[in-house]
Amino acid sequence: MKILIVDSSTEIIQRLKELLQDIDEIVSIYSTTFSSKAATLFEDSKPDVVLLDLNLPGNQSIDFLKLINATPKSALVIGLFIHLDQLLQNQFNKIGIDYLIDKYDDFEKIPGIINSIVRSRKIAG
């Protein structure tokens, strides 16, 4: 499994890498703090899962989600947020967020979600 992390915080990226390091099925973790580099990384690495900061400046998160969803073999998306109002949450759900994770309250759930994805792919594959 390949993971792409796109977050504006290097500290969040480092913490996510630490949380995911014990999952044996992960073969590669790519990361960037720049949304401009995210598209290239996505196209080059073809990740299975994208951990995406939904609070990127402007509409960069939405634009990146549209790129992901336009890809034939689309990756699962775990959206990471701080203070996401209901209107934005609904908008993100409509354009392809598979999981929503509050960076303050739900961060530790991410390894369980990744493990669940791994199990479901083994069953489906």
# chains A, B, ... in the order shown; residues from 1 in each chain; ligands from 1
$ residues_around --residues "Pro57 in chain A" --least-positions-apart "2" --cutoff "12 Å" --atoms "only C-alpha atoms" --output "number ranges by chain"
A: 7-8, 33-36, 53-55, 59-64
$ select_by_dssp --residues "chain A" --states "helix (DSSP H, G or I)" --output "MDAnalysis selection string"
chainID A and resid 10:20 35:45 60:69 86:94 107:124
$ closest_residue --among "A:Val50, A:Val6, A:Ile26, A:Ile101" --to "Asn69 in chain A" --atoms "only C-alpha atoms"
A:Val50
$ residues_around --residues "Ala70 in chain A" --least-positions-apart "5" --cutoff "12 Å" --atoms "only C-alpha atoms" --output "VMD selection string"
chain A and resid 39 42 to 43 63 to 65 75 95 to 96
$ write_last_selection --atoms "all heavy atoms" --output "short mmCIF file (atom, residue, chain, number, x, y, z; two decimals), in the first residue's frame"
data_model
loop_
_atom_site.label_atom_id
_atom_site.label_comp_id
_atom_site.auth_asym_id
_atom_site.auth_seq_id
_atom_site.Cartn_x
_atom_site.Cartn_y
_atom_site.Cartn_z
N ALA A 39 -0.14 17.30 -6.77
CA ALA A 39 -0.65 16.69 -8.01
C ALA A 39 0.42 15.84 -8.68
O ALA A 39 0.14 14.72 -9.12
CB ALA A 39 -1.13 17.78 -8.96
N PHE A 42 0.96 12.72 -6.63
CA PHE A 42 -0.18 11.83 -6.81
C PHE A 42 -0.05 11.06 -8.13
O PHE A 42 -0.22 9.84 -8.16
CB PHE A 42 -1.49 12.61 -6.76
CG PHE A 42 -2.70 11.77 -6.98
CD1 PHE A 42 -3.19 10.98 -5.96
CD2 PHE A 42 -3.33 11.74 -8.21
CE1 PHE A 42 -4.31 10.18 -6.16
CE2 PHE A 42 -4.44 10.95 -8.42
CZ PHE A 42 -4.93 10.17 -7.39
N GLU A 43 0.24 11.77 -9.20
CA GLU A 43 0.33 11.13 -10.51
C GLU A 43 1.52 10.18 -10.60
O GLU A 43 1.43 9.11 -11.20
CB GLU A 43 0.40 12.19 -11.60
CG GLU A 43 -0.92 12.93 -11.73
CD GLU A 43 -0.85 14.15 -12.64
OE1 GLU A 43 0.21 14.42 -13.24
OE2 GLU A 43 -1.87 14.85 -12.73
N ASP A 63 -9.75 21.48 -5.14
CA ASP A 63 -9.15 21.27 -6.47
C ASP A 63 -8.39 19.95 -6.52
O ASP A 63 -8.48 19.21 -7.51
CB ASP A 63 -8.22 22.43 -6.83
CG ASP A 63 -8.96 23.73 -7.04
OD1 ASP A 63 -10.19 23.70 -7.25
OD2 ASP A 63 -8.31 24.80 -6.98
N PHE A 64 -7.66 19.63 -5.46
CA PHE A 64 -6.90 18.38 -5.43
C PHE A 64 -7.85 17.18 -5.38
O PHE A 64 -7.61 16.17 -6.04
CB PHE A 64 -5.93 18.38 -4.25
CG PHE A 64 -5.00 17.20 -4.25
CD1 PHE A 64 -4.16 16.96 -5.33
CD2 PHE A 64 -4.95 16.34 -3.18
CE1 PHE A 64 -3.30 15.87 -5.34
CE2 PHE A 64 -4.09 15.25 -3.17
CZ PHE A 64 -3.27 15.02 -4.26
N LEU A 65 -8.93 17.29 -4.63
CA LEU A 65 -9.93 16.21 -4.59
C LEU A 65 -10.52 15.96 -5.97
O LEU A 65 -10.74 14.80 -6.36
CB LEU A 65 -11.05 16.56 -3.62
CG LEU A 65 -10.83 16.18 -2.18
CD1 LEU A 65 -11.93 16.77 -1.30
CD2 LEU A 65 -10.79 14.68 -2.02
N ALA A 75 -7.81 6.90 -5.52
CA ALA A 75 -7.36 6.56 -4.17
C ALA A 75 -8.47 6.86 -3.17
O ALA A 75 -9.32 7.72 -3.40
CB ALA A 75 -6.12 7.38 -3.83
N ILE A 95 -17.81 15.48 -2.95
CA ILE A 95 -16.76 15.37 -3.98
C ILE A 95 -15.71 14.32 -3.65
O ILE A 95 -14.65 14.31 -4.25
CB ILE A 95 -16.10 16.73 -4.29
CG1 ILE A 95 -15.50 17.36 -3.05
CG2 ILE A 95 -17.06 17.66 -4.97
CD1 ILE A 95 -14.70 18.61 -3.33
N GLY A 96 -15.99 13.44 -2.70
CA GLY A 96 -15.14 12.27 -2.61
C GLY A 96 -14.28 12.05 -1.39
O GLY A 96 -13.23 11.45 -1.51
#
$ residues_around --residues "Pro47 in chain A" --least-positions-apart "3" --cutoff "10 Å" --atoms "only C-alpha atoms" --output "ChimeraX atom specification"
/A:1-5,28-30,41-44,50,73-76
$ atom_distance --atom1 "CA of Ile110 in chain A" --atom2 "CA of Glu11 in chain A"
15.8 Å
$ select_by_dssp --residues "chain A" --states "strand (DSSP E)" --output "list in words"
Lys2, Ile3, Leu4, Ile5, Val6, Ser28, Ile29, Tyr30, Ser31, Thr32, Val49, Val50, Leu51, Leu52, Asp53, Leu76, Val77, Ile78, Gly79, Leu80, Phe81, Tyr99, Leu100, Ile101 and Asp102 of chain A
$ closest_residue --among "A:Leu19, A:Ile97, A:Ile12, A:Ile117" --to "Lys66 in chain A" --atoms "only C-alpha atoms"
A:Ile97
$ atom_distance --atom1 "CA of Asn115 in chain A" --atom2 "CA of Tyr99 in chain A"
13.4 Å
$ residues_around --residues "Ile78 in chain A" --least-positions-apart "3" --cutoff "6 Å" --atoms "only C-alpha atoms" --output "short mmCIF file (atom, residue, chain, number, x, y, z; two decimals) with all heavy atoms, in the first residue's frame"
data_model
loop_
_atom_site.label_atom_id
_atom_site.label_comp_id
_atom_site.auth_asym_id
_atom_site.auth_seq_id
_atom_site.Cartn_x
_atom_site.Cartn_y
_atom_site.Cartn_z
N LEU A 51 -3.98 11.13 2.57
CA LEU A 51 -4.32 11.85 3.79
C LEU A 51 -4.21 13.33 3.43
O LEU A 51 -3.12 13.83 3.18
CB LEU A 51 -3.37 11.49 4.92
CG LEU A 51 -3.47 10.04 5.39
CD1 LEU A 51 -2.22 9.61 6.12
CD2 LEU A 51 -4.68 9.87 6.27
N ASP A 98 -13.65 9.89 1.75
CA ASP A 98 -14.08 8.60 2.27
C ASP A 98 -14.17 8.60 3.79
O ASP A 98 -15.03 7.93 4.36
CB ASP A 98 -13.11 7.51 1.79
CG ASP A 98 -13.12 7.39 0.27
OD1 ASP A 98 -14.14 6.93 -0.27
OD2 ASP A 98 -12.13 7.80 -0.36
N TYR A 99 -13.27 9.35 4.44
CA TYR A 99 -13.25 9.45 5.91
C TYR A 99 -12.93 10.89 6.28
O TYR A 99 -12.07 11.51 5.65
CB TYR A 99 -12.17 8.54 6.51
CG TYR A 99 -12.31 7.08 6.18
CD1 TYR A 99 -11.70 6.55 5.05
CD2 TYR A 99 -13.05 6.24 7.01
CE1 TYR A 99 -11.82 5.20 4.74
CE2 TYR A 99 -13.18 4.89 6.70
CZ TYR A 99 -12.56 4.38 5.56
OH TYR A 99 -12.69 3.05 5.26
N LEU A 100 -13.60 11.40 7.31
CA LEU A 100 -13.28 12.71 7.85
C LEU A 100 -12.69 12.54 9.24
O LEU A 100 -13.27 11.86 10.09
CB LEU A 100 -14.54 13.58 7.94
CG LEU A 100 -15.02 14.21 6.65
CD1 LEU A 100 -16.39 14.85 6.85
CD2 LEU A 100 -14.03 15.24 6.14
#
$ atom_distance --atom1 "CA of Asp106 in chain A" --atom2 "CA of Gly79 in chain A"
11.3 Å
